[in-house]
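**Q** Dumping the structure here so I can ask a few things about it.
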Amino acid sequence: LNTRRFARSKAENALRKVLSFPAKGRSSDHEERVCVVVRTYSYHLDEPFSIRMFLDAFQKMENENFELLLVQTDATYYGDLTRVVMDSDDPRIRVLFFSYLPVFDMRDAGYIVTDNAISRCSPTARWLLVTNGDNKYDKKFLNAVLRTEDDPQPSNGDVDIIGYDWYSRYVVQQRVCDRLERMDAKLNTLTETETDLGCNILRLHRWQEENVRFSAPEIPQNSRQDGHVVEHLRKKGWSFRIIHDALFDHVPNAHACYEMGLVWLASNSKCIEPWMAVTLALEHLASVY
């Protein structure tokens, strides 16, 4: 056995899975495929909310009929991205490579590259979800588009936008104990400041027919293109259904921290290990007394 040839063949097969056109989803043909465009950059390799965590969550989705397109949004070195996708060993997940990647700036925020990625969704896709590679999803998130043999029309009917409420670090200030007890999610109103990139599933064909783009001239270019686009679509008459169930976390936030056994450090808006929280508490007590 030529071990070198075997290793090379195995690597080539794995690379083909990453770069090839996605195979059909594993679910029934009665369901509609979701094209998930994942904006990512090198910091998403960092724990606890990493691109590996993101891919693992999607591989556990109850609705398996999706394709996942990873796109790097800036020119920062991201050496392990292809390796991460190869390790997932999933033909539904692939990386998009573009010859030009801009240096990140708050005005563009990677949305020109995002528009290019959306144009690569497969012809069989019917829905679009655009999100970031460090966000956190519940396994039921894609179920709203499901079709079954008993009920070939999903509960969303002919709506163009399916929105969810979500957890965010940007919440109305509460007493700490109240925040821990209630853990309120934000209501999705499909307005610029009250929606989020990753909590809306959009009808892809209408998006394509109307040539919707995050980088379009009518969309303010100020790093909040996601909210501007969703509000723009609502004002244009896109029909919608809001599901008042928070199955999405825009991380970092307190809810996501506690679910992962971490502690929310509100002063810095980040999650820390419990031992670090104890250390900080003791240091604070020592400074007071």
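Ordering of the structure tokens sets the chain letters (A, B, ...), residue numbers begin anew at 1 in every chain, and ligands are numbered from 1 in the order given.
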His232 in chain A: which residues within 12 Å, counting only C-alpha atoms, same-chain residues fewer than 2 positions away excluded, as a PyMOL selection string?
**A** chain A and resi 190-192+207+212-214+216+218-220+225-230+234-238
**Q** Identify all residues of range 69-284 of chain A in helix (DSSP H, G or I) (DSSP on the backbone) and supply them as an MDAnalysis selection string.
**A** chainID A and resid 81:88 111:118 141:145 176:182 197:199 204:209 225:235 254:259 274:284
**Q** Could you give me, as a PyMOL selection string, the residues within 12 Å of Tyr111 in chain A, counting only C-alpha atoms and dropping anything in the same chain fewer than 6 positions from it?
**A** chain A and resi 37-40+71-74+101-102+104-105+117-118+130-132+197+213-216+219-226+229
**Q** Output the selection as an mmCIF file, in the first residue's frame - N, CA and C atoms for each residue.
**A**
data_model
loop_
_atom_site.group_PDB
_atom_site.id
_atom_site.type_symbol
_atom_site.label_atom_id
_atom_site.label_comp_id
_atom_site.auth_asym_id
_atom_site.auth_seq_id
_atom_site.Cartn_x
_atom_site.Cartn_y
_atom_site.Cartn_z
ATOM 1 N N VAL A 37 -25.876 32.066 3.937
ATOM 2 C CA VAL A 37 -24.630 32.764 3.628
ATOM 3 C C VAL A 37 -24.010 33.222 4.947
ATOM 4 N N VAL A 38 -22.825 32.726 5.226
ATOM 5 C CA VAL A 38 -22.175 32.959 6.516
ATOM 6 C C VAL A 38 -20.982 33.886 6.327
ATOM 7 N N ARG A 39 -21.108 35.086 6.848
ATOM 8 C CA ARG A 39 -20.024 36.076 6.812
ATOM 9 C C ARG A 39 -19.047 35.744 7.950
ATOM 10 N N THR A 40 -17.778 35.620 7.618
ATOM 11 C CA THR A 40 -16.834 35.235 8.652
ATOM 12 C C THR A 40 -15.476 35.900 8.423
ATOM 13 N N VAL A 71 -18.151 32.798 3.534
ATOM 14 C CA VAL A 71 -17.415 33.811 2.777
ATOM 15 C C VAL A 71 -16.639 34.701 3.741
ATOM 16 N N GLN A 72 -15.350 34.866 3.463
ATOM 17 C CA GLN A 72 -14.518 35.759 4.270
ATOM 18 C C GLN A 72 -14.793 37.200 3.853
ATOM 19 N N THR A 73 -15.013 38.078 4.832
ATOM 20 C CA THR A 73 -15.480 39.435 4.528
ATOM 21 C C THR A 73 -14.379 40.483 4.464
ATOM 22 N N ASP A 74 -13.155 40.114 4.813
ATOM 23 C CA ASP A 74 -12.064 41.094 4.694
ATOM 24 C C ASP A 74 -10.750 40.376 4.404
ATOM 25 N N LEU A 101 -10.561 40.925 -1.742
ATOM 26 C CA LEU A 101 -11.188 41.120 -0.437
ATOM 27 C C LEU A 101 -10.758 42.475 0.098
ATOM 28 N N PRO A 102 -11.702 43.321 0.498
ATOM 29 C CA PRO A 102 -11.334 44.660 0.961
ATOM 30 C C PRO A 102 -10.778 44.645 2.374
ATOM 31 N N PHE A 104 -11.220 45.769 5.951
ATOM 32 C CA PHE A 104 -12.500 46.037 6.620
ATOM 33 C C PHE A 104 -12.621 47.510 7.000
ATOM 34 N N ASP A 105 -13.779 48.077 6.721
ATOM 35 C CA ASP A 105 -14.098 49.406 7.230
ATOM 36 C C ASP A 105 -15.562 49.427 7.627
ATOM 37 N N ALA A 117 -21.644 36.742 -2.546
ATOM 38 C CA ALA A 117 -21.875 35.388 -2.041
ATOM 39 C C ALA A 117 -23.323 34.951 -2.273
ATOM 40 N N ILE A 118 -24.272 35.851 -2.054
ATOM 41 C CA ILE A 118 -25.687 35.515 -2.241
ATOM 42 C C ILE A 118 -25.953 35.092 -3.688
ATOM 43 N N VAL A 130 -28.872 35.190 5.885
ATOM 44 C CA VAL A 130 -27.536 35.786 5.925
ATOM 45 C C VAL A 130 -27.183 36.018 7.392
ATOM 46 N N THR A 131 -26.010 35.564 7.798
ATOM 47 C CA THR A 131 -25.663 35.645 9.214
ATOM 48 C C THR A 131 -24.150 35.763 9.369
ATOM 49 N N ASN A 132 -23.697 35.836 10.601
ATOM 50 C CA ASN A 132 -22.266 35.905 10.916
ATOM 51 C C ASN A 132 -21.797 34.592 11.538
ATOM 52 N N LEU A 197 -29.352 40.867 11.553
ATOM 53 C CA LEU A 197 -28.996 40.185 10.324
ATOM 54 C C LEU A 197 -29.405 38.717 10.347
ATOM 55 N N ARG A 213 -29.853 44.315 -2.824
ATOM 56 C CA ARG A 213 -28.436 44.242 -2.472
ATOM 57 C C ARG A 213 -28.177 45.065 -1.214
ATOM 58 N N PHE A 214 -27.330 44.539 -0.345
ATOM 59 C CA PHE A 214 -26.922 45.297 0.831
ATOM 60 C C PHE A 214 -26.154 46.551 0.432
ATOM 61 N N SER A 215 -25.441 46.477 -0.687
ATOM 62 C CA SER A 215 -24.602 47.587 -1.132
ATOM 63 C C SER A 215 -25.307 48.510 -2.123
ATOM 64 N N ALA A 216 -26.621 48.386 -2.281
ATOM 65 C CA ALA A 216 -27.363 49.217 -3.232
ATOM 66 C C ALA A 216 -27.339 50.688 -2.803
ATOM 67 N N ILE A 219 -29.561 52.002 0.052
ATOM 68 C CA ILE A 219 -29.331 51.476 1.399
ATOM 69 C C ILE A 219 -28.204 52.270 2.054
ATOM 70 N N PRO A 220 -28.446 52.914 3.200
ATOM 71 C CA PRO A 220 -27.371 53.642 3.893
ATOM 72 C C PRO A 220 -26.197 52.720 4.197
ATOM 73 N N GLN A 221 -24.997 53.176 3.888
ATOM 74 C CA GLN A 221 -23.790 52.370 4.080
ATOM 75 C C GLN A 221 -23.093 52.817 5.365
ATOM 76 N N ASN A 222 -23.540 52.258 6.491
ATOM 77 C CA ASN A 222 -23.011 52.696 7.786
ATOM 78 C C ASN A 222 -22.817 51.547 8.758
ATOM 79 N N SER A 223 -22.590 50.355 8.236
ATOM 80 C CA SER A 223 -22.386 49.111 8.994
ATOM 81 C C SER A 223 -23.681 48.549 9.571
ATOM 82 N N ARG A 224 -24.814 49.231 9.368
ATOM 83 C CA ARG A 224 -26.115 48.702 9.789
ATOM 84 C C ARG A 224 -26.958 48.353 8.573
ATOM 85 N N GLN A 225 -26.292 47.883 7.520
ATOM 86 C CA GLN A 225 -27.011 47.559 6.299
ATOM 87 C C GLN A 225 -28.060 46.483 6.512
ATOM 88 N N ASP A 226 -27.812 45.575 7.474
ATOM 89 C CA ASP A 226 -28.792 44.503 7.703
ATOM 90 C C ASP A 226 -30.142 45.064 8.117
ATOM 91 N N VAL A 229 -31.780 47.091 5.232
ATOM 92 C CA VAL A 229 -32.345 46.269 4.164
ATOM 93 C C VAL A 229 -33.676 45.662 4.584
#
**Q** If we count only C-alpha atoms and set the cut-off at 10 Å, which residues sit around Asp80 in chain A, ignoring sequence neighbours fewer than 5 positions away in its own chain? Please answer as a short mmCIF file (atom, residue, chain, number, x, y, z; two decimals) with C-alpha atoms, in the first residue's frame.
**A**
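Heads up, here's the output in out-v9.cif:
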data_model
loop_
_atom_site.label_atom_id
_atom_site.label_comp_id
_atom_site.auth_asym_id
_atom_site.auth_seq_id
_atom_site.Cartn_x
_atom_site.Cartn_y
_atom_site.Cartn_z
CA SER A 42 -10.30 35.40 11.37
CA LEU A 45 -11.62 31.04 15.10
CA VAL A 85 -14.75 23.09 6.65
CA MET A 86 -12.85 19.95 5.65
#
**Q** In Å, with one decimal, what is the gap from CA of Val36 in chain A to CA of Leu70 in chain A?
**A** 8.4 Å
**Q** Pick out the closest residue to Ala57 in chain A from this set: A:His44, A:Pro91, A:Lys139, A:Ala75. Count only C-alpha atoms.
**A**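 Among the listed residues, the smallest separation from Ala57 in chain A belongs to A:Lys139.
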**Q** Using only C-alpha atoms, which of the listed residues (A:Asp165, A:Asp184, A:Glu67, A:Asp46) sits closest to Tyr137 in chain A?
**A**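 Ranking A:Asp165, A:Asp184, A:Glu67, A:Asp46 by distance to Tyr137 in chain A, first place goes to A:Asp165.
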**Q** To one decimal in Å, tell me the separation between CA of Glu64 in chain A and CA of Leu142 in chain A.
**A**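 Taking CA of Glu64 in chain A as the start and CA of Leu142 in chain A as the end point, the length is 8.4 Å.
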**Q** Could you tell me how far CA of Ile51 in chain A lies from CA of Ala185 in chain A, in Å and to one decimal?
**A**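 Interatomic distance here is 23.4 Å.
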**Q** Using only C-alpha atoms, can you tell me which of A:Glu283, A:Asp138, A:Glu47, A:Glu210 comes closest to Glu259 in chain A?
**A**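 Of A:Glu283, A:Asp138, A:Glu47, A:Glu210, the one nearest Glu259 in chain A is A:Asp138, counting only C-alpha atoms.
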**Q** If you count only C-alpha atoms, which residues fall within 7 Å of Val159 in chain A, apart from same-chain ones fewer than 4 positions away, as a list in words?
**A**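 Near neighbours after the sequence-gap exclusion: Ser239, Phe240 and Arg241 of chain A.
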**Q** Could you dump the residues just selected with all heavy atoms as a short mmCIF file (atom, residue, chain, number, x, y, z; two decimals), in the first residue's frame?
**A**
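Written file, out_30.cif:
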data_model
loop_
_atom_site.label_atom_id
_atom_site.label_comp_id
_atom_site.auth_asym_id
_atom_site.auth_seq_id
_atom_site.Cartn_x
_atom_site.Cartn_y
_atom_site.Cartn_z
N SER A 239 -44.38 40.66 2.46
CA SER A 239 -45.21 40.11 3.53
C SER A 239 -44.33 39.38 4.53
O SER A 239 -43.25 38.89 4.20
CB SER A 239 -46.24 39.14 2.95
OG SER A 239 -45.61 38.10 2.22
N PHE A 240 -44.79 39.31 5.77
CA PHE A 240 -43.92 38.74 6.80
C PHE A 240 -44.74 38.02 7.87
O PHE A 240 -45.94 38.25 8.04
CB PHE A 240 -43.05 39.83 7.44
CG PHE A 240 -43.82 40.94 8.11
CD1 PHE A 240 -44.21 40.84 9.43
CD2 PHE A 240 -44.15 42.09 7.41
CE1 PHE A 240 -44.92 41.85 10.05
CE2 PHE A 240 -44.85 43.11 8.00
CZ PHE A 240 -45.24 43.00 9.34
N ARG A 241 -44.03 37.18 8.57
CA ARG A 241 -44.56 36.49 9.75
C ARG A 241 -43.48 36.53 10.82
O ARG A 241 -42.33 36.12 10.56
CB ARG A 241 -44.92 35.05 9.41
CG ARG A 241 -45.34 34.21 10.63
CD ARG A 241 -45.49 32.75 10.27
NE ARG A 241 -45.75 31.94 11.45
CZ ARG A 241 -45.28 30.72 11.63
NH1 ARG A 241 -44.53 30.15 10.71
NH2 ARG A 241 -45.56 30.04 12.73
#
